[in-house]
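Structure data follow from structure_15.txt (compact mmCIF, C-alpha atoms and all ligand atoms):
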```
# COMPACT_ATOMS: atom_id res chain seq x y z
CA MET A 1073 -27.12 -47.11 -21.70
CA ARG A 1074 -30.73 -48.23 -21.22
CA ASN A 1075 -31.19 -51.55 -19.40
CA LYS A 1076 -27.63 -51.45 -18.06
CA GLN A 1077 -27.42 -52.66 -14.49
CA THR A 1078 -25.66 -49.83 -12.64
CA THR A 1079 -26.36 -50.93 -9.08
CA PRO A 1080 -24.87 -54.12 -7.62
CA THR A 1081 -27.31 -56.69 -6.23
CA ARG A 1082 -26.75 -58.80 -3.09
CA HIS A 1083 -25.19 -61.47 -5.32
CA ASP A 1084 -22.62 -59.05 -6.71
CA LEU A 1085 -19.22 -57.90 -5.54
CA TRP A 1086 -17.79 -55.31 -7.92
CA PHE A 1087 -14.59 -53.29 -8.17
CA LEU A 1088 -14.68 -50.04 -10.13
CA PRO A 1089 -11.55 -47.88 -10.38
CA LEU A 1090 -12.32 -44.23 -11.19
CA GLY A 1091 -8.68 -43.12 -10.93
CA GLY A 1092 -5.21 -44.67 -10.51
CA THR A 1093 -5.60 -47.73 -12.77
CA GLY A 1094 -3.78 -47.13 -16.06
CA GLU A 1095 -2.02 -44.09 -14.60
CA ILE A 1096 0.20 -43.10 -11.68
CA GLY A 1097 -1.68 -40.97 -9.15
CA MET A 1098 -5.31 -39.88 -8.58
CA ASN A 1099 -6.29 -43.13 -6.86
CA MET A 1100 -10.03 -43.43 -6.37
CA ASN A 1101 -11.82 -46.77 -6.26
CA LEU A 1102 -15.29 -48.07 -5.55
CA TYR A 1103 -16.46 -51.44 -4.31
CA GLY A 1104 -20.11 -52.29 -4.90
CA HIS A 1105 -22.34 -54.84 -3.15
CA ALA A 1106 -26.05 -55.11 -2.30
CA GLY A 1107 -27.02 -51.66 -3.58
CA GLU A 1108 -24.18 -49.96 -1.69
CA TRP A 1109 -20.78 -48.50 -2.48
CA LEU A 1110 -17.58 -48.16 -0.53
CA MET A 1111 -14.92 -45.71 -1.71
CA VAL A 1112 -11.28 -46.63 -1.19
CA ASP A 1113 -8.97 -43.58 -1.32
CA CYS A 1114 -9.65 -40.19 -2.85
CA GLY A 1115 -6.38 -38.89 -4.25
CA ILE A 1116 -4.89 -36.29 -6.47
CA GLY A 1117 -2.99 -36.64 -9.77
CA PHE A 1118 -0.34 -34.55 -11.46
CA ASP A 1119 -0.15 -33.51 -15.08
CA ASP A 1120 2.24 -35.57 -17.17
CA LYS A 1121 3.75 -32.63 -19.05
CA ASN A 1122 5.50 -30.82 -16.24
CA GLY A 1123 4.07 -32.44 -13.11
CA ARG A 1124 2.80 -29.11 -11.83
CA ASN A 1125 -0.92 -29.14 -12.67
CA ARG A 1126 -3.10 -30.94 -10.16
CA TYR A 1127 -6.06 -33.12 -11.08
CA ILE A 1128 -8.87 -34.95 -9.34
CA ALA A 1129 -10.94 -37.79 -10.78
CA ASP A 1130 -14.32 -37.08 -12.32
CA ALA A 1131 -16.75 -38.40 -9.69
CA ARG A 1132 -19.82 -38.22 -11.97
CA PHE A 1133 -20.61 -41.93 -11.66
CA ILE A 1134 -20.87 -41.96 -7.86
CA GLN A 1135 -22.60 -38.55 -7.92
CA GLN A 1136 -25.35 -40.05 -10.12
CA GLN A 1137 -25.64 -43.04 -7.80
CA ILE A 1138 -25.96 -40.71 -4.80
CA GLU A 1139 -28.69 -38.70 -6.61
CA HIS A 1140 -30.54 -41.96 -7.12
CA ASN A 1141 -30.04 -43.16 -3.53
CA ALA A 1142 -28.66 -40.56 -1.10
CA HIS A 1143 -27.24 -43.18 1.30
CA CYS A 1144 -25.66 -45.54 -1.19
CA LEU A 1145 -22.07 -44.38 -0.48
CA GLN A 1146 -21.40 -45.91 2.92
CA ALA A 1147 -17.96 -44.50 3.63
CA ILE A 1148 -14.66 -43.28 2.25
CA VAL A 1149 -11.93 -45.54 3.62
CA ILE A 1150 -8.32 -44.46 3.34
CA THR A 1151 -5.28 -46.75 3.00
CA HIS A 1152 -2.62 -44.11 3.84
CA ALA A 1153 -1.85 -40.40 3.89
CA HIS A 1154 -0.06 -39.91 0.57
CA GLU A 1155 -1.44 -37.14 -1.68
CA ASP A 1156 -2.32 -39.59 -4.45
CA HIS A 1157 -4.67 -41.28 -1.95
CA ILE A 1158 -6.14 -38.37 0.07
CA GLY A 1159 -5.44 -35.20 -1.97
CA ALA A 1160 -8.93 -34.90 -3.53
CA ILE A 1161 -10.92 -35.11 -0.27
CA VAL A 1162 -11.06 -31.34 0.17
CA GLU A 1163 -12.52 -30.78 -3.31
CA LEU A 1164 -14.79 -33.83 -3.51
CA TRP A 1165 -16.24 -34.13 -0.04
CA PRO A 1166 -19.16 -31.71 -0.65
CA THR A 1167 -20.24 -34.03 -3.51
CA LEU A 1168 -19.62 -37.30 -1.66
CA ARG A 1169 -20.71 -36.32 1.88
CA ALA A 1170 -19.74 -39.70 3.33
CA PRO A 1171 -17.90 -40.35 6.60
CA ILE A 1172 -14.14 -40.85 6.31
CA PHE A 1173 -12.31 -43.69 8.10
CA ALA A 1174 -8.52 -43.79 8.39
CA THR A 1175 -5.64 -44.35 10.79
CA ARG A 1176 -4.71 -41.58 13.22
CA PHE A 1177 -1.76 -40.39 11.12
CA ALA A 1178 -3.87 -40.11 7.95
CA ILE A 1179 -6.67 -38.32 9.83
CA GLU A 1180 -4.15 -35.78 11.17
CA VAL A 1181 -2.92 -35.09 7.63
CA ILE A 1182 -6.52 -34.82 6.35
CA VAL A 1183 -7.45 -32.40 9.17
CA ASN A 1184 -4.47 -30.28 8.21
CA LYS A 1185 -5.57 -30.20 4.55
CA LEU A 1186 -9.20 -29.47 5.43
CA SER A 1187 -8.35 -26.66 7.82
CA ASN A 1188 -8.82 -23.91 5.22
CA SER A 1189 -11.98 -25.30 3.64
CA PRO A 1190 -15.45 -23.96 4.55
CA TRP A 1191 -16.76 -27.47 5.29
CA ALA A 1192 -13.91 -28.51 7.60
CA ALA A 1193 -16.21 -28.76 10.62
CA HIS A 1194 -18.80 -30.88 8.78
CA VAL A 1195 -16.66 -33.78 7.60
CA PRO A 1196 -17.21 -36.84 9.84
CA LEU A 1197 -13.71 -38.19 10.49
CA HIS A 1198 -13.19 -41.51 12.25
CA ILE A 1199 -9.87 -42.79 13.56
CA ILE A 1200 -9.73 -46.57 13.20
CA ASN A 1201 -7.82 -49.15 15.23
CA VAL A 1202 -5.83 -51.51 13.07
CA HIS A 1203 -6.86 -55.21 13.13
CA GLN A 1204 -10.36 -54.21 14.30
CA ARG A 1205 -13.35 -54.95 12.07
CA TYR A 1206 -15.65 -52.07 11.12
CA GLU A 1207 -19.16 -52.67 9.82
CA LEU A 1208 -19.81 -50.05 7.13
CA GLY A 1209 -23.23 -50.89 5.69
CA GLN A 1210 -22.94 -54.18 3.81
CA PHE A 1211 -19.12 -54.09 4.00
CA SER A 1212 -16.85 -55.15 6.88
CA VAL A 1213 -13.49 -53.43 6.70
CA THR A 1214 -10.29 -54.26 8.61
CA TRP A 1215 -7.11 -52.17 8.31
CA LEU A 1216 -3.98 -54.38 8.21
CA PRO A 1217 -0.66 -52.53 8.58
CA LEU A 1218 2.02 -52.87 5.91
CA PRO A 1219 5.36 -51.06 5.55
CA HIS A 1220 5.45 -48.20 3.01
CA SER A 1221 7.19 -44.79 2.75
CA ILE A 1222 4.85 -43.04 5.21
CA PRO A 1223 3.69 -44.10 8.69
CA GLU A 1224 0.57 -46.23 9.19
CA ALA A 1225 0.00 -47.49 5.63
CA CYS A 1226 -2.53 -50.33 5.57
CA ALA A 1227 -4.04 -52.93 3.31
CA LEU A 1228 -7.82 -53.20 3.61
CA LEU A 1229 -9.55 -56.51 4.10
CA ILE A 1230 -13.07 -55.95 2.77
CA GLU A 1231 -15.55 -58.70 3.62
CA THR A 1232 -19.09 -59.11 2.28
CA ASP A 1233 -21.72 -61.85 2.35
CA VAL A 1234 -20.65 -63.06 -1.10
CA GLY A 1235 -16.88 -62.63 -1.11
CA ASN A 1236 -13.77 -61.08 0.39
CA VAL A 1237 -11.10 -58.89 -1.13
CA LEU A 1238 -7.73 -57.64 0.02
CA HIS A 1239 -6.99 -54.16 -1.31
CA THR A 1240 -3.24 -53.81 -0.74
CA GLY A 1241 -2.87 -50.05 -1.02
CA ASP A 1242 0.77 -49.03 -1.43
CA TRP A 1243 3.14 -51.36 0.37
CA LYS A 1244 6.55 -52.96 0.48
CA LYS A 1245 7.98 -56.08 2.02
CA ASP A 1246 10.38 -54.47 4.48
CA ASP A 1247 11.59 -56.25 7.59
CA ASN A 1248 13.23 -53.12 8.99
CA PRO A 1249 11.33 -50.02 7.84
CA VAL A 1250 13.01 -47.72 10.47
CA LEU A 1251 9.60 -46.55 11.74
CA GLY A 1252 6.70 -48.86 12.56
CA ALA A 1253 6.60 -52.63 12.41
CA GLY A 1254 8.17 -54.74 9.67
CA PHE A 1255 6.18 -56.85 7.22
CA ASP A 1256 3.97 -59.15 9.32
CA ALA A 1257 3.71 -62.35 7.29
CA ALA A 1258 1.74 -64.18 10.01
CA SER A 1259 -1.19 -61.74 10.00
CA PHE A 1260 -1.53 -62.13 6.24
CA ALA A 1261 -0.99 -65.90 6.19
CA ALA A 1262 -4.03 -66.13 8.49
CA LEU A 1263 -6.21 -64.75 5.70
CA THR A 1264 -5.99 -67.98 3.68
CA SER A 1265 -8.68 -69.42 5.95
CA LEU A 1266 -11.26 -66.82 4.83
CA PRO A 1267 -10.40 -67.24 1.91
CA VAL A 1268 -9.46 -64.11 -0.04
CA ASP A 1269 -11.35 -64.19 -3.35
CA ALA A 1270 -9.49 -61.31 -4.97
CA MET A 1271 -6.52 -59.06 -4.38
CA ILE A 1272 -6.49 -55.55 -5.79
CA ALA A 1273 -2.83 -54.72 -5.77
CA ASP A 1274 -0.03 -52.14 -6.10
CA SER A 1275 1.76 -52.35 -9.50
CA THR A 1276 4.23 -49.45 -9.14
CA ASN A 1277 7.39 -51.60 -9.19
CA ALA A 1278 6.01 -54.64 -11.04
CA THR A 1279 8.52 -54.06 -13.85
CA LYS A 1280 11.44 -54.36 -11.41
CA LEU A 1281 13.17 -57.67 -10.73
CA GLY A 1282 13.99 -59.14 -7.34
CA HIS A 1283 13.23 -57.56 -4.00
CA SER A 1284 12.71 -53.91 -3.15
CA ARG A 1285 15.43 -52.72 -0.76
CA SER A 1286 14.75 -51.89 2.89
CA GLU A 1287 14.33 -48.30 4.07
CA SER A 1288 17.04 -49.04 6.64
CA SER A 1289 19.54 -49.74 3.82
CA VAL A 1290 19.89 -46.03 2.91
CA TYR A 1291 21.69 -45.18 6.19
CA THR A 1292 25.17 -46.31 5.16
CA GLY A 1293 25.20 -44.59 1.75
CA LEU A 1294 23.80 -41.34 3.13
CA LEU A 1295 26.25 -41.32 6.06
CA LYS A 1296 29.24 -41.90 3.81
CA THR A 1297 28.12 -39.33 1.24
CA ILE A 1298 27.24 -36.59 3.77
CA LYS A 1299 30.46 -37.19 5.73
CA ALA A 1300 32.56 -36.70 2.58
CA GLN A 1301 31.29 -33.14 1.97
CA LYS A 1302 33.18 -30.04 3.12
CA GLY A 1303 30.58 -27.26 3.23
CA ARG A 1304 26.87 -27.17 4.00
CA VAL A 1305 24.78 -30.17 3.04
CA VAL A 1306 21.18 -29.91 1.86
CA VAL A 1307 19.27 -33.17 1.46
CA THR A 1308 15.97 -33.18 -0.39
CA CYS A 1309 13.48 -36.05 -0.23
CA PHE A 1310 9.73 -36.75 -0.30
CA SER A 1311 8.10 -34.68 2.43
CA SER A 1312 6.04 -37.52 3.92
CA ASN A 1313 8.87 -40.02 4.38
CA ILE A 1314 9.27 -39.62 8.15
CA ALA A 1315 11.57 -42.66 8.33
CA ARG A 1316 14.00 -40.97 5.92
CA PHE A 1317 14.03 -37.78 8.07
CA VAL A 1318 14.75 -39.79 11.16
CA THR A 1319 17.67 -41.48 9.36
CA LEU A 1320 18.97 -38.09 8.15
CA VAL A 1321 18.73 -36.39 11.54
CA LYS A 1322 20.49 -39.36 13.17
CA ILE A 1323 23.29 -38.93 10.63
CA ALA A 1324 23.47 -35.17 11.31
CA HIS A 1325 23.82 -35.86 15.05
CA LYS A 1326 26.48 -38.50 14.47
CA LEU A 1327 28.49 -36.05 12.35
CA ASN A 1328 27.98 -33.18 14.85
CA LYS A 1329 25.96 -31.11 12.41
CA HIS A 1330 23.05 -28.82 13.24
CA CYS A 1331 20.00 -29.98 11.32
CA ALA A 1332 17.05 -27.84 10.21
CA VAL A 1333 14.03 -28.49 7.99
CA PHE A 1334 13.02 -26.14 5.19
CA GLY A 1335 9.51 -26.18 3.71
CA ARG A 1336 5.99 -26.05 5.06
CA SER A 1337 4.88 -29.58 4.11
CA LEU A 1338 7.97 -30.97 5.82
CA GLU A 1339 7.36 -28.87 8.94
CA ASN A 1340 3.73 -30.11 9.03
CA MET A 1341 4.81 -33.75 8.69
CA VAL A 1342 7.48 -33.44 11.39
CA SER A 1343 5.01 -31.80 13.76
CA ILE A 1344 2.43 -34.59 13.18
CA ALA A 1345 5.17 -37.21 13.64
CA LYS A 1346 6.21 -35.58 16.94
CA ARG A 1347 2.61 -35.40 18.16
CA LEU A 1348 1.99 -39.09 17.39
CA GLY A 1349 5.24 -40.30 18.91
CA TYR A 1350 7.04 -41.17 15.66
CA TRP A 1351 9.88 -38.74 16.30
CA PRO A 1352 12.65 -39.85 18.70
CA ASP A 1353 12.90 -37.22 21.50
CA ASN A 1354 16.69 -37.02 21.29
CA LEU A 1355 16.63 -35.94 17.63
CA THR A 1356 16.61 -32.17 18.03
CA LEU A 1357 16.31 -29.71 15.17
CA VAL A 1358 17.58 -26.14 15.03
CA ASP A 1359 15.58 -23.06 14.07
CA PRO A 1360 15.78 -22.92 10.25
CA LYS A 1361 16.24 -19.13 10.36
CA HIS A 1362 19.56 -19.60 12.18
CA VAL A 1363 21.39 -21.92 9.78
CA GLY A 1364 22.75 -19.05 7.66
CA TYR A 1365 24.79 -17.85 10.67
CA LEU A 1366 26.31 -21.21 11.63
CA PRO A 1367 29.74 -22.50 10.51
CA LYS A 1368 29.26 -24.07 7.06
CA GLU A 1369 30.68 -27.47 7.93
CA GLU A 1370 28.19 -27.81 10.80
CA VAL A 1371 25.07 -27.16 8.72
CA MET A 1372 22.69 -29.77 7.35
CA VAL A 1373 19.27 -28.91 5.93
CA ILE A 1374 16.47 -31.27 4.95
CA ALA A 1375 14.37 -29.54 2.31
CA THR A 1376 11.14 -30.10 0.38
CA GLY A 1377 11.23 -30.12 -3.40
CA SER A 1378 12.96 -33.30 -4.64
CA GLN A 1379 10.63 -33.14 -7.66
CA ALA A 1380 11.51 -29.46 -8.33
CA GLU A 1381 8.07 -28.34 -7.25
CA LEU A 1382 7.44 -24.62 -7.75
CA ARG A 1383 7.86 -22.58 -4.56
CA SER A 1384 9.49 -25.53 -2.75
CA ALA A 1385 12.50 -24.84 -0.55
CA THR A 1386 14.88 -26.67 -2.91
CA GLN A 1387 13.65 -24.64 -5.89
CA LYS A 1388 14.20 -21.38 -3.94
CA LEU A 1389 17.71 -22.52 -3.00
CA ALA A 1390 18.44 -23.39 -6.65
CA LEU A 1391 17.31 -19.98 -7.83
CA GLY A 1392 19.21 -18.25 -5.02
CA TYR A 1393 16.28 -16.53 -3.33
CA HIS A 1394 15.67 -18.60 -0.23
CA PRO A 1395 15.26 -16.10 2.65
CA TRP A 1396 17.36 -18.07 5.17
CA LEU A 1397 20.21 -19.52 3.16
CA PHE A 1398 22.29 -18.75 0.06
CA LEU A 1399 24.28 -21.74 -1.13
CA GLU A 1400 27.87 -21.25 -2.29
CA PRO A 1401 30.66 -23.30 -3.89
CA GLU A 1402 31.74 -26.14 -1.56
CA ASP A 1403 28.10 -26.60 -0.48
CA THR A 1404 26.36 -29.81 -1.63
CA VAL A 1405 22.78 -30.73 -2.50
CA ILE A 1406 21.86 -34.42 -2.25
CA TYR A 1407 18.67 -35.79 -3.84
CA SER A 1408 17.53 -38.73 -1.68
CA ALA A 1409 14.70 -39.55 -4.11
CA ILE A 1410 14.03 -40.72 -7.65
CA LYS A 1411 13.04 -38.49 -10.56
CA ILE A 1412 9.36 -39.22 -11.12
CA PRO A 1413 9.04 -39.26 -14.95
CA PRO A 1414 6.82 -36.18 -15.51
CA ASN A 1415 9.29 -34.11 -13.46
CA THR A 1416 12.58 -35.27 -15.01
CA GLN A 1417 13.12 -32.17 -17.12
CA THR A 1418 12.32 -29.67 -14.36
CA ILE A 1419 14.58 -31.54 -11.91
CA ASP A 1420 17.42 -31.43 -14.45
CA GLN A 1421 16.85 -27.67 -14.83
CA GLN A 1422 16.95 -27.28 -11.07
CA ILE A 1423 20.23 -29.20 -10.92
CA SER A 1424 21.75 -26.94 -13.58
CA HIS A 1425 20.74 -23.87 -11.51
CA PHE A 1426 22.68 -25.31 -8.58
CA GLU A 1427 25.65 -25.97 -10.82
CA THR A 1428 25.54 -22.34 -12.01
CA LEU A 1429 25.88 -21.31 -8.36
CA GLY A 1430 28.92 -23.62 -8.14
CA VAL A 1431 27.04 -25.96 -5.78
CA LYS A 1432 27.87 -29.67 -6.03
CA VAL A 1433 24.88 -31.94 -6.75
CA ILE A 1434 24.60 -35.66 -5.99
CA HIS A 1435 21.47 -37.39 -7.25
CA ALA A 1436 20.41 -40.80 -5.92
CA GLU A 1437 19.92 -42.10 -9.48
CA ASP A 1438 23.55 -41.27 -10.38
CA ALA A 1439 24.94 -42.51 -7.06
CA GLU A 1440 23.11 -45.81 -7.62
CA LYS A 1441 25.19 -46.40 -10.79
CA GLU A 1442 28.31 -46.14 -8.61
CA GLY A 1443 26.84 -48.60 -6.13
CA VAL A 1444 25.94 -46.00 -3.46
CA VAL A 1445 22.39 -46.29 -2.08
CA LEU A 1446 20.74 -42.94 -1.27
CA HIS A 1447 17.09 -43.88 -1.80
CA ALA A 1448 14.74 -46.82 -1.27
CA SER A 1449 11.39 -47.18 -2.99
CA GLY A 1450 8.20 -47.69 -0.96
CA HIS A 1451 6.77 -50.31 -3.33
CA PRO A 1452 7.22 -54.06 -3.90
CA ASN A 1453 9.34 -55.53 -6.71
CA GLN A 1454 8.41 -58.71 -8.60
CA GLN A 1455 9.76 -61.21 -6.05
CA ASP A 1456 7.97 -59.38 -3.21
CA LEU A 1457 4.70 -59.63 -5.15
CA ILE A 1458 5.21 -63.35 -5.78
CA ASP A 1459 6.01 -63.96 -2.09
CA PHE A 1460 2.89 -62.05 -0.98
CA TYR A 1461 0.61 -63.95 -3.38
CA SER A 1462 2.05 -67.31 -2.32
CA LEU A 1463 1.16 -66.35 1.25
CA ILE A 1464 -2.44 -65.29 0.58
CA LYS A 1465 -3.31 -67.51 -2.40
CA PRO A 1466 -6.10 -65.37 -3.84
CA ASP A 1467 -8.27 -66.79 -6.64
CA MET A 1468 -8.16 -63.54 -8.57
CA LEU A 1469 -5.90 -60.54 -8.94
CA ILE A 1470 -6.63 -57.08 -10.32
CA PRO A 1471 -3.50 -54.96 -10.85
CA THR A 1472 -3.93 -51.28 -10.04
CA HIS A 1473 -1.80 -48.23 -9.06
CA GLY A 1474 0.22 -48.07 -12.27
CA GLU A 1475 0.40 -47.22 -15.95
CA ALA A 1476 -0.40 -49.79 -18.65
CA GLU A 1477 3.18 -51.20 -18.69
CA HIS A 1478 3.15 -51.71 -14.89
CA LEU A 1479 -0.26 -53.39 -14.97
CA LYS A 1480 0.85 -55.68 -17.81
CA ALA A 1481 4.05 -56.64 -15.97
CA HIS A 1482 2.02 -57.25 -12.79
CA GLN A 1483 -0.39 -59.48 -14.71
CA LEU A 1484 2.51 -61.69 -15.86
CA VAL A 1485 3.97 -61.84 -12.35
CA ALA A 1486 0.58 -62.81 -10.88
CA GLU A 1487 0.13 -65.56 -13.47
CA GLN A 1488 3.64 -66.78 -12.68
CA ALA A 1489 2.64 -66.86 -8.99
CA GLY A 1490 -0.15 -69.29 -9.95
CA ILE A 1491 -3.16 -66.99 -9.60
CA ARG A 1492 -5.91 -68.46 -11.76
CA THR A 1493 -7.74 -65.31 -12.85
CA VAL A 1494 -5.96 -62.04 -13.52
CA LEU A 1495 -8.08 -59.20 -14.86
CA ALA A 1496 -6.08 -56.21 -16.06
CA GLY A 1497 -7.91 -53.10 -17.22
CA GLU A 1498 -8.15 -49.39 -16.63
CA ASN A 1499 -10.18 -46.64 -15.00
CA GLY A 1500 -13.89 -46.94 -15.82
CA ASP A 1501 -13.79 -50.71 -16.44
CA LEU A 1502 -16.09 -52.71 -14.17
CA PHE A 1503 -14.41 -55.72 -12.57
CA LYS A 1504 -16.96 -58.26 -11.41
CA ILE A 1505 -15.54 -60.44 -8.64
CA LYS A 1506 -18.83 -62.14 -7.71
CA PRO A 1507 -20.94 -63.99 -8.77
CA PHE A 1508 -18.24 -64.74 -11.40
CA ALA A 1509 -15.10 -63.06 -12.73
CA LYS A 1510 -15.76 -60.73 -15.63
CA LYS A 1511 -14.52 -57.39 -16.89
CA LEU A 1512 -16.81 -54.93 -18.64
CA ASP A 1513 -14.73 -52.39 -20.56
CA GLN A 1514 -15.41 -48.64 -20.30
CA TRP A 1515 -18.43 -49.28 -18.15
CA ALA A 1516 -18.54 -46.04 -16.11
CA PRO A 1517 -17.84 -42.45 -17.20
CA ILE A 1518 -14.39 -41.27 -16.12
CA GLY A 1519 -12.20 -38.24 -16.62
CA LYS A 1520 -10.01 -35.80 -14.75
CA ILE A 1521 -10.65 -32.26 -13.63
CA GLN A 1522 -7.87 -29.73 -13.19
CA ILE A 1523 -7.89 -27.97 -9.83
CA GLY A 1524 -4.99 -25.58 -10.45
ZN ZN B 1 0.17 -44.24 -4.12
ZN ZN B 2 1.82 -44.21 -1.11
```
Would you give me this structure, written as structure tokens?
Amino acid sequence: MRNKQTTPTRHDLWFLPLGGTGEIGMNMNLYGHAGEWLMVDCGIGFDDKNGRNRYIADARFIQQQIEHNAHCLQAIVITHAHEDHIGAIVELWPTLRAPIFATRFAIEVIVNKLSNSPWAAHVPLHIINVHQRYELGQFSVTWLPLPHSIPEACALLIETDVGNVLHTGDWKKDDNPVLGAGFDAASFAALTSLPVDAMIADSTNATKLGHSRSESSVYTGLLKTIKAQKGRVVVTCFSSNIARFVTLVKIAHKLNKHCAVFGRSLENMVSIAKRLGYWPDNLTLVDPKHVGYLPKEEVMVIATGSQAELRSATQKLALGYHPWLFLEPEDTVIYSAIKIPPNTQTIDQQISHFETLGVKVIHAEDAEKEGVVLHASGHPNQQDLIDFYSLIKPDMLIPTHGEAEHLKAHQLVAEQAGIRTVLAGENGDLFKIKPFAKKLDQWAPIGKIQIG
């Protein structure tokens, strides 16, 4: 590798994904300009065999850069509080040692995760205000809110002397996301005047036609489905989707059911949501230890474990050893989530455990075939992507946050939307945005490290 330029000059603006491009999960990206680096997200990945082994990206490249110049990593900036964007901070911070900037909600989740680590008190954490510009070395960063399946998700506008990029993070075009503001077209339309040289963008649903459905659209299907059940109802969903919990607790109240939450990650999220004012005061919850004593038809539980995670509340209920509740025939378990591919088999096993207990199971993917909506994705479909690109009119697009098939589909969509340069690649490829568009394949060392 002799003579290879590994540090960007003041004429350069580079994008280097170390995780999350060519795979789902483990998002970790670097932007390089004028001898400095900016890290965007620092997430965790899950093994593709059974979804239960956790991985972080190999940070060797940035580690070597830091050894060469201790101050070259200016900051770690976070788009939102999902595990695949923040889950590696605890393990990697002692190597990176850079200040972390994020919204209040994401900082609260990070503080919670750091609380058991020996360096918790040493990590400089900064709560940002959205729409305000932060000067981080040679980079100016502005957090721009977008709807997603967790509060306070943001795109990042990253400005430098030579060019500007919009890093979308995870997002969806939702006019009524239940919590937080809807998609704010005007704030993004204003970016055309910069202009935006490149967009680095979410590919999760790039294979899906049309528009992604609104989070508010799940209310009717969930209400109808829950109302039709005779016994206890357990609903399992992703533990960070506060909007979904709010919808579910509203439904419980409407149907005169007592609602409790099962599972530590869910309890943590609800307590953060309450602290930050995302939880409507009138939506009361009952003590989860009491639900076993209440009349069956009045019980509704929201539980962690829609992906059949080991030790999750839903898994304990399926195996019949949850300390607070034993499900019986006439009780129903509703999955208000999709089956993420690595977990399909374990979810199906979990469902068969419920069926052995005589418990009725309704999965969102099956309900969908009957025209009943029990889940909404947090990512944009093809038409949403096209609409967003017509609004911002970037010169270049780099698809990220997806496996090869998603990136390929996203490339075609972007070309269809009239974007002149679309560079699709994978982790370790160097994407030069300035002084000219170019991709250097397998430029930086990459890999993944299991953390148990
Ligand atoms: Zn993500
Ligand atoms: Zn996300």
Distance limit 9 Å, reference ligand ZN 2 (chain B), atoms considered: all atoms listed in the file. Which residues make the cut? Give them as a compact mmCIF listing (two decimals) with C-alpha atoms, keeping the file's coordinate frame.
```txt
# COMPACT_ATOMS: atom_id res chain seq x y z
CA THR A 1151 -5.28 -46.75 3.00
CA HIS A 1152 -2.62 -44.11 3.84
CA ALA A 1153 -1.85 -40.40 3.89
CA HIS A 1154 -0.06 -39.91 0.57
CA GLU A 1155 -1.44 -37.14 -1.68
CA ASP A 1156 -2.32 -39.59 -4.45
CA HIS A 1157 -4.67 -41.28 -1.95
CA HIS A 1220 5.45 -48.20 3.01
CA SER A 1221 7.19 -44.79 2.75
CA ILE A 1222 4.85 -43.04 5.21
CA ALA A 1225 0.00 -47.49 5.63
CA GLY A 1241 -2.87 -50.05 -1.02
CA ASP A 1242 0.77 -49.03 -1.43
CA TRP A 1243 3.14 -51.36 0.37
CA GLY A 1450 8.20 -47.69 -0.96
CA HIS A 1451 6.77 -50.31 -3.33
```
Contacts of stretch 1079-1091 of chain A within 7 Å, only C-alpha atoms, excl. fewer than 6 positions in-chain, as a PyMOL selection string: chain A and resi 1098-1107+1129+1234-1235+1499-1507+1518
Residues near A:Gly1519, cut-off 8 Å, only C-alpha atoms, skip fewer than 2 positions along chain, as an NGL selection string: :A and (1129-1130 or 1517 or 1521)
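Distance annotation: of A:Ala1170, A:Ala1300, A:Leu1294, A:Leu1251, the residue with the minimal separation from A:Ala1315 is A:Leu1251; atom set is only C-alpha atoms.
Each of A:Gln1488, A:Ser1187, A:Gln1417, A:Thr1472 was checked against ligand ZN 1 (chain B) using all atoms listed in the file; the smallest atom-to-atom distance is that of A:Thr1472.
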Nearest residue to ligand ZN 1 (chain B) from the set A:Gly1303, A:Gly1524, A:Gly1117, A:Gly1282 (distances using only C-alpha atoms and all ligand atoms): A:Gly1117
Interatomic distance, atom CA of A:Ala1486 to atom CA of A:Ser1275 (Å, one decimal): 10.6 Å
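Restricting the calculation to only C-alpha atoms and all ligand atoms, the smallest distance between ligand ZN 1 (chain B) and any of A:Trp1215, A:Thr1297, A:Phe1173, A:Gly1474 is found for A:Gly1474.
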Coordinates-based distance that separates atom CA of A:Ser1311 from atom CA of A:Ala1178 (Å, one decimal):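 Separation of atom CA of A:Ala1178 and atom CA of A:Ser1311: 14.3 Å.
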Best match for closeness to ligand ZN 1 (chain B) among A:Lys1346, A:Asp1274, A:His1203, A:Leu1281, counting all atoms listed in the file: A:Asp1274
All residues 12 Å or closer to A:Ile1314, all atoms listed in the file, same chain fewer than 2 positions away omitted, as a ChimeraX atom specification: /A:1153,1177,1220-1224,1249-1252,1287,1309-1312,1316-1321,1337-1346,1348-1352,1374
Among listed residues A:Leu1389, A:Ser1212, A:Ile1199, A:Thr1240, nearest ligand ZN 1 (chain B) (using all atoms listed in the file): A:Thr1240
Who sits within 10 Å of A:Phe1260, all atoms listed in the file, same chain under 6 positions skipped, as JSON, numbers by chain: {"A": [1216, 1217, 1218, 1227, 1238, 1460, 1463, 1464]}
Selection as a PyMOL selection string: residues within 12 Å of (-16.2, -56.1, 8.2), counting only C-alpha atoms: chain A and resi 1110+1203-1215+1228-1233+1235-1238
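The two atoms in question, atom CA of A:Glu1440 and atom CA of A:Glu1427, are spaced 20.3 Å apart.
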I'd like the contact shell of A:Ile1148 - 9 Å cut-off, all atoms listed in the file, skipping same-chain residues fewer than 2 positions apart - returned as a compact mmCIF listing (two decimals) with C-alpha atoms, in the frame of the given file.
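Listing of around22.txt after writing:
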```
# COMPACT_ATOMS: atom_id res chain seq x y z
CA LEU A 1110 -17.58 -48.16 -0.53
CA MET A 1111 -14.92 -45.71 -1.71
CA VAL A 1112 -11.28 -46.63 -1.19
CA ASP A 1113 -8.97 -43.58 -1.32
CA CYS A 1114 -9.65 -40.19 -2.85
CA LEU A 1145 -22.07 -44.38 -0.48
CA GLN A 1146 -21.40 -45.91 2.92
CA ILE A 1150 -8.32 -44.46 3.34
CA LEU A 1168 -19.62 -37.30 -1.66
CA ALA A 1170 -19.74 -39.70 3.33
CA PRO A 1171 -17.90 -40.35 6.60
CA ILE A 1172 -14.14 -40.85 6.31
CA PHE A 1173 -12.31 -43.69 8.10
CA ALA A 1174 -8.52 -43.79 8.39
```
